[in-house]
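Colleague: Next up, query_2.txt (compact mmCIF, C-alpha atoms).
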# COMPACT_ATOMS: atom_id res chain seq x y z
CA MET L 1 -62.93 -42.93 23.19
CA LYS L 2 -59.96 -40.78 24.23
CA ARG L 3 -57.61 -43.39 22.72
CA ILE L 4 -59.48 -43.27 19.39
CA TYR L 5 -59.29 -39.45 19.41
CA THR L 6 -55.54 -39.53 20.08
CA ILE L 7 -54.94 -42.00 17.26
CA GLY L 8 -56.98 -39.77 14.93
CA VAL L 9 -54.96 -36.68 15.85
CA GLU L 10 -51.67 -38.53 15.31
CA LEU L 11 -52.89 -39.79 11.94
CA ILE L 12 -53.79 -36.26 10.85
CA LYS L 13 -50.37 -34.98 11.99
CA SER L 14 -48.67 -37.78 10.12
CA ARG L 15 -50.55 -36.99 6.93
CA ARG L 16 -49.74 -33.30 7.28
CA ALA L 17 -46.07 -34.08 7.80
CA TYR L 18 -46.08 -36.32 4.73
CA SER L 19 -47.81 -33.64 2.65
CA SER L 20 -45.32 -31.03 3.83
CA ALA L 21 -42.43 -33.29 2.89
CA VAL L 22 -43.89 -33.84 -0.59
CA ILE L 23 -44.44 -30.10 -1.06
CA ALA L 24 -40.90 -29.41 0.11
CA ARG L 25 -39.50 -31.91 -2.37
CA GLN L 26 -41.61 -30.41 -5.14
CA GLY L 27 -40.38 -26.97 -4.14
CA ILE L 28 -36.78 -28.10 -4.42
CA ALA L 29 -37.52 -29.59 -7.83
CA MET L 30 -39.15 -26.36 -8.99
CA CYS L 31 -36.16 -24.36 -7.79
CA LYS L 32 -33.95 -26.55 -9.94
CA GLU L 33 -36.01 -25.85 -13.04
CA LEU L 34 -35.05 -23.02 -15.37
CA LYS L 35 -36.59 -19.79 -14.13
CA THR L 36 -36.57 -16.91 -16.59
CA LYS L 37 -35.30 -13.63 -15.21
CA VAL L 38 -36.59 -10.56 -17.04
CA LEU L 39 -34.16 -7.70 -16.44
CA HIS L 40 -34.96 -4.15 -17.50
CA LEU L 41 -32.17 -2.10 -19.02
CA LEU L 42 -32.39 1.60 -19.85
CA PRO L 43 -32.78 1.94 -23.64
CA GLN L 44 -29.79 3.06 -25.67
CA THR L 45 -30.12 6.53 -27.19
CA SER L 46 -30.76 6.84 -30.92
CA ASN L 47 -27.32 8.40 -31.32
CA GLY L 48 -25.61 5.30 -29.94
CA PRO L 49 -24.19 4.40 -26.54
CA SER L 50 -24.09 7.40 -24.23
CA ALA L 51 -22.71 5.74 -21.09
CA GLN L 52 -21.34 2.48 -19.79
CA HIS L 53 -24.16 0.22 -18.66
CA GLU L 54 -22.40 -0.40 -15.35
CA ASP L 55 -23.17 3.25 -14.56
CA GLN L 56 -26.90 2.77 -15.02
CA PRO L 57 -29.05 1.89 -11.98
CA GLY L 58 -28.72 -1.88 -11.69
CA GLY L 59 -26.57 -2.08 -14.83
CA ALA L 60 -23.71 -3.95 -13.19
CA GLU L 61 -26.15 -6.46 -11.68
CA ILE L 62 -27.78 -7.06 -15.06
CA LEU L 63 -24.39 -7.70 -16.66
CA SER L 64 -23.38 -10.02 -13.81
CA CYS L 65 -26.63 -12.00 -13.92
CA THR L 66 -26.48 -12.38 -17.71
CA LEU L 67 -22.83 -13.39 -17.62
CA LYS L 68 -23.55 -16.03 -14.96
CA ALA L 69 -26.35 -17.54 -17.05
CA LEU L 70 -24.10 -17.70 -20.11
CA LYS L 71 -21.23 -19.31 -18.20
CA GLU L 72 -23.66 -21.94 -16.89
CA GLY L 73 -24.52 -22.92 -20.46
CA HIS L 74 -27.90 -21.20 -20.75
CA VAL L 75 -29.42 -19.21 -23.59
CA VAL L 76 -30.31 -15.55 -23.05
CA ALA L 77 -32.13 -12.85 -25.02
CA LEU L 78 -30.47 -9.48 -25.56
CA PRO L 79 -31.01 -6.19 -27.38
CA THR L 80 -28.54 -5.28 -30.13
CA ASP L 81 -28.20 -2.26 -32.40
CA THR L 82 -30.58 -3.82 -34.96
CA ILE L 83 -33.01 -6.38 -33.50
CA TYR L 84 -33.30 -8.59 -30.40
CA GLY L 85 -31.09 -11.65 -30.37
CA LEU L 86 -30.66 -15.02 -28.69
CA ALA L 87 -27.15 -15.65 -27.43
CA CYS L 88 -25.06 -18.37 -25.80
CA LEU L 89 -21.36 -19.10 -25.50
CA ALA L 90 -20.04 -20.08 -28.92
CA GLN L 91 -17.56 -22.48 -27.35
CA HIS L 92 -20.32 -24.33 -25.42
CA SER L 93 -21.64 -27.13 -27.67
CA GLU L 94 -24.72 -28.02 -25.61
CA ALA L 95 -25.77 -24.36 -25.43
CA ILE L 96 -25.54 -24.13 -29.22
CA ARG L 97 -27.87 -27.11 -29.53
CA LYS L 98 -30.30 -25.37 -27.17
CA VAL L 99 -30.41 -22.32 -29.44
CA TYR L 100 -31.37 -24.42 -32.45
CA GLY L 101 -34.04 -26.20 -30.40
CA ILE L 102 -35.54 -22.99 -29.00
CA LYS L 103 -35.81 -21.39 -32.44
CA GLY L 104 -36.76 -24.53 -34.31
CA ARG L 105 -33.89 -23.57 -36.60
CA ASN L 106 -32.67 -25.69 -39.49
CA GLY L 107 -29.42 -27.31 -38.37
CA GLN L 108 -27.78 -26.35 -41.68
CA LYS L 109 -28.27 -22.63 -41.07
CA PRO L 110 -25.23 -21.02 -39.42
CA LEU L 111 -25.01 -18.89 -36.29
CA ALA L 112 -22.87 -15.76 -36.23
CA ILE L 113 -20.46 -14.95 -33.44
CA CYS L 114 -20.32 -11.70 -31.51
CA VAL L 115 -17.16 -10.25 -29.95
CA GLY L 116 -16.34 -7.12 -28.00
CA GLU L 117 -13.26 -5.77 -29.79
CA ILE L 118 -11.86 -5.76 -33.32
CA GLN L 119 -8.71 -7.56 -32.13
CA ASP L 120 -10.89 -10.48 -31.02
CA ILE L 121 -11.86 -11.12 -34.64
CA TYR L 122 -8.30 -12.21 -35.41
CA THR L 123 -8.54 -14.98 -32.82
CA TYR L 124 -11.59 -16.65 -34.32
CA CYS L 125 -11.32 -15.68 -38.00
CA LYS L 126 -8.68 -15.66 -40.73
CA VAL L 127 -8.87 -12.01 -41.71
CA ASN L 128 -7.67 -11.03 -45.21
CA VAL L 129 -8.66 -7.35 -45.26
CA LYS L 130 -7.05 -4.27 -43.76
CA GLU L 131 -7.73 -3.60 -40.11
CA GLU L 132 -8.84 -0.10 -41.13
CA LEU L 133 -11.70 -1.67 -43.08
CA LEU L 134 -12.85 -3.50 -39.98
CA GLY L 135 -12.67 -0.24 -38.05
CA ASP L 136 -14.78 1.56 -40.64
CA LEU L 137 -17.60 -0.98 -40.41
CA LEU L 138 -17.42 -2.14 -36.79
CA PRO L 139 -18.90 -1.62 -34.29
CA GLY L 140 -22.02 -1.34 -36.38
CA PRO L 141 -25.01 -3.13 -37.95
CA VAL L 142 -22.81 -5.33 -40.15
CA THR L 143 -21.86 -9.02 -40.05
CA LEU L 144 -18.58 -9.82 -41.79
CA VAL L 145 -17.94 -13.38 -42.96
CA PHE L 146 -14.43 -14.82 -42.97
CA GLU L 147 -12.79 -18.23 -42.96
CA ARG L 148 -12.96 -19.55 -39.42
CA SER L 149 -9.85 -20.27 -37.35
CA ASP L 150 -9.09 -23.56 -35.63
CA VAL L 151 -9.74 -21.96 -32.23
CA LEU L 152 -13.48 -21.77 -32.84
CA ASN L 153 -15.69 -24.57 -31.53
CA THR L 154 -15.98 -27.27 -34.21
CA ASP L 155 -19.61 -27.88 -33.18
CA LEU L 156 -20.51 -24.35 -34.26
CA ASN L 157 -21.52 -24.46 -37.94
CA PRO L 158 -19.61 -27.71 -38.65
CA PHE L 159 -20.98 -27.73 -42.21
CA THR L 160 -19.03 -24.64 -43.38
CA PRO L 161 -15.44 -23.35 -43.14
CA LEU L 162 -16.79 -19.80 -42.78
CA VAL L 163 -18.21 -17.81 -39.88
CA GLY L 164 -19.92 -14.44 -39.60
CA VAL L 165 -18.71 -12.06 -36.90
CA ARG L 166 -20.42 -9.03 -35.34
CA ILE L 167 -19.54 -6.20 -32.99
CA PRO L 168 -22.90 -4.51 -32.35
CA ASP L 169 -22.86 -0.78 -31.73
CA HIS L 170 -24.54 -1.38 -28.39
CA ALA L 171 -22.78 -0.66 -25.10
CA PHE L 172 -24.40 -3.49 -23.13
CA MET L 173 -23.63 -6.12 -25.78
CA ARG L 174 -20.02 -4.99 -26.18
CA ARG L 175 -19.39 -4.92 -22.44
CA LEU L 176 -20.97 -8.36 -22.02
CA CYS L 177 -18.70 -9.82 -24.73
CA GLN L 178 -15.67 -8.24 -23.08
CA MET L 179 -16.63 -9.77 -19.73
CA CYS L 180 -17.18 -13.21 -21.29
CA SER L 181 -13.64 -13.27 -22.73
CA GLU L 182 -14.95 -15.54 -25.47
CA PRO L 183 -17.36 -15.12 -28.37
CA LEU L 184 -21.11 -15.34 -28.14
CA ALA L 185 -23.12 -17.28 -30.70
CA LEU L 186 -25.84 -14.90 -31.85
CA THR L 187 -29.07 -15.21 -33.83
CA SER L 188 -32.40 -13.41 -33.99
CA ALA L 189 -34.84 -13.77 -31.09
CA ASN L 190 -37.76 -15.38 -32.89
CA ILE L 191 -39.07 -18.69 -34.09
CA SER L 192 -37.19 -19.57 -37.26
CA SER L 193 -38.75 -17.99 -40.38
CA HIS L 194 -40.92 -15.66 -38.24
CA THR L 195 -40.58 -11.87 -38.21
CA SER L 196 -37.57 -10.41 -36.40
CA THR L 197 -38.34 -8.76 -33.09
CA VAL L 198 -37.61 -5.20 -31.95
CA ALA L 199 -39.23 -5.39 -28.50
CA ALA L 200 -38.93 -8.03 -25.78
CA HIS L 201 -42.66 -8.72 -25.56
CA GLU L 202 -42.70 -9.77 -29.23
CA PHE L 203 -40.90 -13.04 -28.42
CA ARG L 204 -42.65 -13.72 -25.11
CA ASP L 205 -43.46 -17.26 -26.26
CA LEU L 206 -39.72 -18.03 -26.08
CA TRP L 207 -39.23 -16.68 -22.55
CA PRO L 208 -39.85 -19.99 -20.72
CA SER L 209 -36.88 -21.51 -22.60
CA LEU L 210 -34.49 -18.70 -21.67
CA ALA L 211 -32.53 -18.12 -18.48
CA VAL L 212 -32.44 -14.33 -18.87
CA VAL L 213 -34.33 -11.81 -20.97
CA VAL L 214 -32.67 -8.39 -21.03
CA ASP L 215 -35.41 -5.94 -21.93
CA GLY L 216 -33.69 -2.86 -23.32
CA GLY L 217 -36.88 -1.28 -24.60
CA PRO L 218 -37.94 -0.88 -28.24
CA ILE L 219 -35.23 -0.89 -30.91
CA GLY L 220 -35.95 1.63 -33.64
CA GLY L 221 -34.51 2.83 -36.90
CA HIS L 222 -33.79 -0.37 -38.82
CA SER L 223 -37.26 -1.74 -39.70
CA ARG L 224 -36.50 -5.30 -38.55
CA LEU L 225 -34.02 -5.85 -41.39
CA GLY L 226 -31.20 -7.09 -39.21
CA SER L 227 -27.52 -6.57 -39.93
CA THR L 228 -26.02 -6.38 -43.40
CA VAL L 229 -24.13 -9.64 -44.01
CA ILE L 230 -21.06 -9.47 -46.26
CA ASP L 231 -18.73 -12.33 -47.20
CA LEU L 232 -15.10 -11.12 -47.28
CA SER L 233 -13.48 -14.55 -47.39
CA VAL L 234 -12.19 -14.10 -50.96
CA LEU L 235 -9.26 -11.70 -51.28
CA GLY L 236 -10.20 -8.46 -53.03
CA LYS L 237 -13.87 -9.44 -53.32
CA TYR L 238 -17.08 -9.03 -51.38
CA ARG L 239 -20.33 -10.94 -51.68
CA VAL L 240 -23.65 -9.76 -50.28
CA ILE L 241 -25.34 -12.55 -48.32
CA ARG L 242 -28.07 -10.32 -46.85
CA PRO L 243 -28.61 -6.63 -47.73
CA GLY L 244 -29.87 -5.83 -44.22
CA CYS L 245 -30.17 -2.33 -42.78
CA ALA L 246 -26.78 -0.87 -43.77
CA PHE L 247 -26.38 -2.09 -47.33
CA SER L 248 -25.65 1.13 -49.22
CA ALA L 249 -23.23 2.56 -46.64
CA THR L 250 -21.36 -0.75 -46.38
CA VAL L 251 -20.95 -1.23 -50.14
CA ASP L 252 -19.79 2.36 -50.47
CA VAL L 253 -16.97 1.72 -47.98
CA LEU L 254 -15.98 -1.58 -49.60
CA GLU L 255 -15.91 -0.31 -53.17
CA ASN L 256 -14.99 3.35 -53.00
CA LYS L 257 -12.57 3.35 -50.09
CA TYR L 258 -10.96 -0.09 -50.32
CA GLY L 259 -11.44 -0.98 -53.99
CA LEU L 260 -13.16 -4.32 -53.46
CA SER L 261 -15.26 -5.67 -56.31
CA GLU L 262 -18.49 -7.59 -55.98
CA ASP L 263 -18.40 -11.35 -56.31
CA PRO L 264 -21.85 -12.45 -57.51
CA GLY L 265 -21.18 -15.97 -56.25
CA ASP L 266 -23.47 -18.60 -57.74
CA GLU L 267 -25.88 -16.04 -59.16
Write the structure described by the file as structure tokens, please.

Modeller:
Amino acid sequence: MKRIYTIGVELIKSRRAYSSAVIARQGIAMCKELKTKVLHLLPQTSNGPSAQHEDQPGGAEILSCTLKALKEGHVVALPTDTIYGLACLAQHSEAIRKVYGIKGRNGQKPLAICVGEIQDIYTYCKVNVKEELLGDLLPGPVTLVFERSDVLNTDLNPFTPLVGVRIPDHAFMRRLCQMCSEPLALTSANISSHTSTVAAHEFRDLWPSLAVVVDGGPIGGHSRLGSTVIDLSVLGKYRVIRPGCAFSATVDVLENKYGLSEDPGDE
């Protein structure tokens, strides 16, 4: 009887050990899966950036965590000066494919790039306007479209020789781009063809596919219109691709200060 009891105890121990090993292996597997980190950033003031985000409580850690995720080829969600966006490294081909998959975006629709400084634009675009024009519009809620340079990843928008470039008037976004030392590919944080989002909770259904969500609070003032997109690839001309939230002010600068005329394109 004692022998039977001992065998039973050993069998129970063996099963427990096996179960623990299985759970441990599952735990390791779960740790390897993408875990979304939701990081809370103090909202930017309505008058624009008031301080470097490294100076905010936890700001440096948020920048570091977001940068790490980008360098590892992940997709992140970020606040901008207009709406929330999805971003990845523009030079990382697999990350670009992830963005299209997450959004369900038509593969023939381009992604813009985002840089930290005006001088960076000259690396990735063939600029044919005065630098003063760039300085009048950027940083700001405007996307300027130029002919792309050979430095830019050929897997980014391979169907067009053009690329849109942004410098958002948002301290966190600018600092992140500066730390990356390469452009971000940027698009709106929503399912393709759905309404643009101005708060992190509005795209919660995308969170499981993202490595980091930077929640910078509600973005106000632009009514979900997104940036004004202007094609400047033709010398002396401008073409409106999307009116966006800064249409009138942008056209005023282009026409009245720099003498550009509108190119209606195919219309």

Colleague: Figure out the distance between CA of Leu156 in chain L and CA of Lys35 in chain L, please, to one decimal in Å.

Modeller: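 Interatomic distance here is 26.2 Å.
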
Colleague: Just checking: using only C-alpha atoms, which residue out of L:Gln108, L:Ser209, L:Thr250, L:Ser149 ends up closest to Lys126 in chain L?

Modeller: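 Using only C-alpha atoms, the shortest distance to Lys126 in chain L belongs to L:Ser149.
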
Colleague: With only C-alpha atoms as the atoms that count, which of L:Gly116, L:Pro161, L:Gly259, L:Gly244 lies nearest to Thr143 in chain L?

Modeller: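 That would be L:Gly244, the residue with the smallest distance to Thr143 in chain L.
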
Colleague: Neighbours of Val75 in chain L within 6 Å (only C-alpha atoms; same-chain residues fewer than 6 positions away dropped), as a list in words?

Modeller: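 Selected residues are Ala87, Cys88 and Leu210 of chain L.
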
Colleague: Please report as a tab-separated table every residue of range 105-160 of chain L lying within 12 Å of range 192-203 of chain L, along with the nearest atom pair and their distance in Å (one decimal), using all atoms listed in the file.

Modeller:
residue	atom	partner	partner_atom	distance
L:Arg105	CA	L:Ser192	CA	5.2
L:Asn106	CA	L:Ser192	CA	7.9
L:Gly107	CA	L:Ser192	CA	11.0
L:Lys109	CA	L:Ser192	CA	10.2

Colleague: Tell me, as an MDAnalysis selection string, which residues lie within 12 Å of Arg166 in chain L, counting only C-alpha atoms; anything in the same chain fewer than 6 positions away does not count.

Modeller: chainID L and resid 80:82 111:118 120:121 124:125 134 137:146 173:174 177 183:187 226:230

Colleague: What separation in Å, quoted to one decimal, exists between CA of Gly73 in chain L and CA of Val212 in chain L?

Modeller: 11.8 Å

Colleague: Please report the interatomic distance between CA of Ser188 in chain L and CA of Tyr84 in chain L in Å with one decimal.

Modeller: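 That distance, rounded to one decimal, is 6.1 Å.
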
Colleague: List the residues sitting within 12 Å of (-26.7, -7.7, -24.0) in the file's frame, using only C-alpha atoms, as a PDB file with C-alpha atoms, in the frame of the given file.

Modeller:
ATOM      1  CA  LEU L  39     -34.160  -7.700 -16.440  1.00  0.00           C
ATOM      2  CA  HIS L  40     -34.960  -4.150 -17.500  1.00  0.00           C
ATOM      3  CA  LEU L  41     -32.170  -2.100 -19.020  1.00  0.00           C
ATOM      4  CA  LEU L  42     -32.390   1.600 -19.850  1.00  0.00           C
ATOM      5  CA  PRO L  43     -32.780   1.940 -23.640  1.00  0.00           C
ATOM      6  CA  GLN L  44     -29.790   3.060 -25.670  1.00  0.00           C
ATOM      7  CA  HIS L  53     -24.160   0.220 -18.660  1.00  0.00           C
ATOM      8  CA  GLY L  59     -26.570  -2.080 -14.830  1.00  0.00           C
ATOM      9  CA  ALA L  60     -23.710  -3.950 -13.190  1.00  0.00           C
ATOM     10  CA  ILE L  62     -27.780  -7.060 -15.060  1.00  0.00           C
ATOM     11  CA  LEU L  63     -24.390  -7.700 -16.660  1.00  0.00           C
ATOM     12  CA  SER L  64     -23.380 -10.020 -13.810  1.00  0.00           C
ATOM     13  CA  CYS L  65     -26.630 -12.000 -13.920  1.00  0.00           C
ATOM     14  CA  THR L  66     -26.480 -12.380 -17.710  1.00  0.00           C
ATOM     15  CA  LEU L  67     -22.830 -13.390 -17.620  1.00  0.00           C
ATOM     16  CA  LEU L  70     -24.100 -17.700 -20.110  1.00  0.00           C
ATOM     17  CA  VAL L  75     -29.420 -19.210 -23.590  1.00  0.00           C
ATOM     18  CA  VAL L  76     -30.310 -15.550 -23.050  1.00  0.00           C
ATOM     19  CA  ALA L  77     -32.130 -12.850 -25.020  1.00  0.00           C
ATOM     20  CA  LEU L  78     -30.470  -9.480 -25.560  1.00  0.00           C
ATOM     21  CA  PRO L  79     -31.010  -6.190 -27.380  1.00  0.00           C
ATOM     22  CA  THR L  80     -28.540  -5.280 -30.130  1.00  0.00           C
ATOM     23  CA  ASP L  81     -28.200  -2.260 -32.400  1.00  0.00           C
ATOM     24  CA  ILE L  83     -33.010  -6.380 -33.500  1.00  0.00           C
ATOM     25  CA  TYR L  84     -33.300  -8.590 -30.400  1.00  0.00           C
ATOM     26  CA  GLY L  85     -31.090 -11.650 -30.370  1.00  0.00           C
ATOM     27  CA  LEU L  86     -30.660 -15.020 -28.690  1.00  0.00           C
ATOM     28  CA  ALA L  87     -27.150 -15.650 -27.430  1.00  0.00           C
ATOM     29  CA  CYS L  88     -25.060 -18.370 -25.800  1.00  0.00           C
ATOM     30  CA  CYS L 114     -20.320 -11.700 -31.510  1.00  0.00           C
ATOM     31  CA  VAL L 115     -17.160 -10.250 -29.950  1.00  0.00           C
ATOM     32  CA  GLY L 116     -16.340  -7.120 -28.000  1.00  0.00           C
ATOM     33  CA  ILE L 167     -19.540  -6.200 -32.990  1.00  0.00           C
ATOM     34  CA  PRO L 168     -22.900  -4.510 -32.350  1.00  0.00           C
ATOM     35  CA  ASP L 169     -22.860  -0.780 -31.730  1.00  0.00           C
ATOM     36  CA  HIS L 170     -24.540  -1.380 -28.390  1.00  0.00           C
ATOM     37  CA  ALA L 171     -22.780  -0.660 -25.100  1.00  0.00           C
ATOM     38  CA  PHE L 172     -24.400  -3.490 -23.130  1.00  0.00           C
ATOM     39  CA  MET L 173     -23.630  -6.120 -25.780  1.00  0.00           C
ATOM     40  CA  ARG L 174     -20.020  -4.990 -26.180  1.00  0.00           C
ATOM     41  CA  ARG L 175     -19.390  -4.920 -22.440  1.00  0.00           C
ATOM     42  CA  LEU L 176     -20.970  -8.360 -22.020  1.00  0.00           C
ATOM     43  CA  CYS L 177     -18.700  -9.820 -24.730  1.00  0.00           C
ATOM     44  CA  GLN L 178     -15.670  -8.240 -23.080  1.00  0.00           C
ATOM     45  CA  MET L 179     -16.630  -9.770 -19.730  1.00  0.00           C
ATOM     46  CA  CYS L 180     -17.180 -13.210 -21.290  1.00  0.00           C
ATOM     47  CA  LEU L 184     -21.110 -15.340 -28.140  1.00  0.00           C
ATOM     48  CA  LEU L 186     -25.840 -14.900 -31.850  1.00  0.00           C
ATOM     49  CA  VAL L 212     -32.440 -14.330 -18.870  1.00  0.00           C
ATOM     50  CA  VAL L 213     -34.330 -11.810 -20.970  1.00  0.00           C
ATOM     51  CA  VAL L 214     -32.670  -8.390 -21.030  1.00  0.00           C
ATOM     52  CA  ASP L 215     -35.410  -5.940 -21.930  1.00  0.00           C
ATOM     53  CA  GLY L 216     -33.690  -2.860 -23.320  1.00  0.00           C
TER      54      GLY L 216
END

Colleague: Within 10 Å of Val251 in chain L, counting only C-alpha atoms, which residues show up once you throw out same-chain ones fewer than 5 positions away? Write them as a list in words, please.

Modeller: Thr228, Ile230, Tyr238, Arg239, Val240, Pro243, Ala246, Asn256, Lys257, Leu260, Ser261 and Glu262 of chain L

Colleague: For Arg97 in chain L, which of L:Asp263, L:Asp205, L:Asp155, L:Glu147 is the closest residue, counting all atoms listed in the file?

Modeller: L:Asp155

Colleague: Where atoms are absent from range 220-228 of chain L, fill them in so it carries all heavy atoms, then output it as a PDB file, in the coordinates of the input.

Modeller:
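selection_7.pdb, written as the output of this step:
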ATOM      1  N   GLY L 220     -35.396   0.947 -32.479  1.00  0.00           N
ATOM      2  CA  GLY L 220     -35.950   1.630 -33.640  1.00  0.00           C
ATOM      3  C   GLY L 220     -34.907   1.956 -34.682  1.00  0.00           C
ATOM      4  O   GLY L 220     -33.707   1.889 -34.437  1.00  0.00           O
ATOM      5  N   GLY L 221     -35.387   2.290 -35.876  1.00  0.00           N
ATOM      6  CA  GLY L 221     -34.510   2.830 -36.900  1.00  0.00           C
ATOM      7  C   GLY L 221     -34.074   1.875 -37.985  1.00  0.00           C
ATOM      8  O   GLY L 221     -33.528   2.307 -38.998  1.00  0.00           O
ATOM      9  N   HIS L 222     -34.294   0.567 -37.821  1.00  0.00           N
ATOM     10  CA  HIS L 222     -33.790  -0.370 -38.820  1.00  0.00           C
ATOM     11  C   HIS L 222     -34.882  -1.251 -39.435  1.00  0.00           C
ATOM     12  O   HIS L 222     -34.590  -2.122 -40.237  1.00  0.00           O
ATOM     13  CB  HIS L 222     -32.693  -1.252 -38.230  1.00  0.00           C
ATOM     14  CG  HIS L 222     -31.471  -0.490 -37.824  1.00  0.00           C
ATOM     15  ND1 HIS L 222     -30.766   0.299 -38.689  1.00  0.00           N
ATOM     16  CD2 HIS L 222     -30.837  -0.386 -36.628  1.00  0.00           C
ATOM     17  CE1 HIS L 222     -29.753   0.860 -38.055  1.00  0.00           C
ATOM     18  NE2 HIS L 222     -29.770   0.464 -36.803  1.00  0.00           N
ATOM     19  N   SER L 223     -36.126  -1.063 -39.059  1.00  0.00           N
ATOM     20  CA  SER L 223     -37.260  -1.740 -39.700  1.00  0.00           C
ATOM     21  C   SER L 223     -37.131  -3.253 -39.747  1.00  0.00           C
ATOM     22  O   SER L 223     -37.483  -3.878 -40.742  1.00  0.00           O
ATOM     23  CB  SER L 223     -37.452  -1.193 -41.130  1.00  0.00           C
ATOM     24  OG  SER L 223     -37.627   0.199 -41.108  1.00  0.00           O
ATOM     25  N   ARG L 224     -36.578  -3.844 -38.693  1.00  0.00           N
ATOM     26  CA  ARG L 224     -36.500  -5.300 -38.550  1.00  0.00           C
ATOM     27  C   ARG L 224     -35.624  -5.986 -39.603  1.00  0.00           C
ATOM     28  O   ARG L 224     -35.701  -7.200 -39.786  1.00  0.00           O
ATOM     29  CB  ARG L 224     -37.902  -5.934 -38.582  1.00  0.00           C
ATOM     30  CG  ARG L 224     -38.864  -5.383 -37.555  1.00  0.00           C
ATOM     31  CD  ARG L 224     -40.242  -6.025 -37.689  1.00  0.00           C
ATOM     32  NE  ARG L 224     -41.223  -5.359 -36.855  1.00  0.00           N
ATOM     33  CZ  ARG L 224     -41.503  -5.683 -35.589  1.00  0.00           C
ATOM     34  NH1 ARG L 224     -40.882  -6.683 -35.037  1.00  0.00           N
ATOM     35  NH2 ARG L 224     -42.415  -5.027 -34.914  1.00  0.00           N
ATOM     36  N   LEU L 225     -34.805  -5.253 -40.310  1.00  0.00           N
ATOM     37  CA  LEU L 225     -34.020  -5.850 -41.390  1.00  0.00           C
ATOM     38  C   LEU L 225     -32.832  -6.663 -40.900  1.00  0.00           C
ATOM     39  O   LEU L 225     -32.311  -7.501 -41.626  1.00  0.00           O
ATOM     40  CB  LEU L 225     -33.524  -4.755 -42.342  1.00  0.00           C
ATOM     41  CG  LEU L 225     -34.599  -4.042 -43.162  1.00  0.00           C
ATOM     42  CD1 LEU L 225     -33.971  -2.914 -43.985  1.00  0.00           C
ATOM     43  CD2 LEU L 225     -35.320  -5.028 -44.071  1.00  0.00           C
ATOM     44  N   GLY L 226     -32.373  -6.397 -39.703  1.00  0.00           N
ATOM     45  CA  GLY L 226     -31.200  -7.090 -39.210  1.00  0.00           C
ATOM     46  C   GLY L 226     -29.933  -6.533 -39.836  1.00  0.00           C
ATOM     47  O   GLY L 226     -29.955  -5.599 -40.654  1.00  0.00           O
ATOM     48  N   SER L 227     -28.804  -7.092 -39.457  1.00  0.00           N
ATOM     49  CA  SER L 227     -27.520  -6.570 -39.930  1.00  0.00           C
ATOM     50  C   SER L 227     -27.297  -6.907 -41.405  1.00  0.00           C
ATOM     51  O   SER L 227     -27.853  -7.859 -41.945  1.00  0.00           O
ATOM     52  CB  SER L 227     -26.380  -7.152 -39.095  1.00  0.00           C
ATOM     53  OG  SER L 227     -26.290  -8.548 -39.274  1.00  0.00           O
ATOM     54  N   THR L 228     -26.473  -6.105 -42.040  1.00  0.00           N
ATOM     55  CA  THR L 228     -26.020  -6.380 -43.400  1.00  0.00           C
ATOM     56  C   THR L 228     -24.922  -7.440 -43.327  1.00  0.00           C
ATOM     57  O   THR L 228     -23.954  -7.283 -42.585  1.00  0.00           O
ATOM     58  CB  THR L 228     -25.468  -5.098 -44.046  1.00  0.00           C
ATOM     59  OG1 THR L 228     -26.545  -4.159 -44.180  1.00  0.00           O
ATOM     60  CG2 THR L 228     -24.854  -5.366 -45.408  1.00  0.00           C
TER      61      THR L 228
END
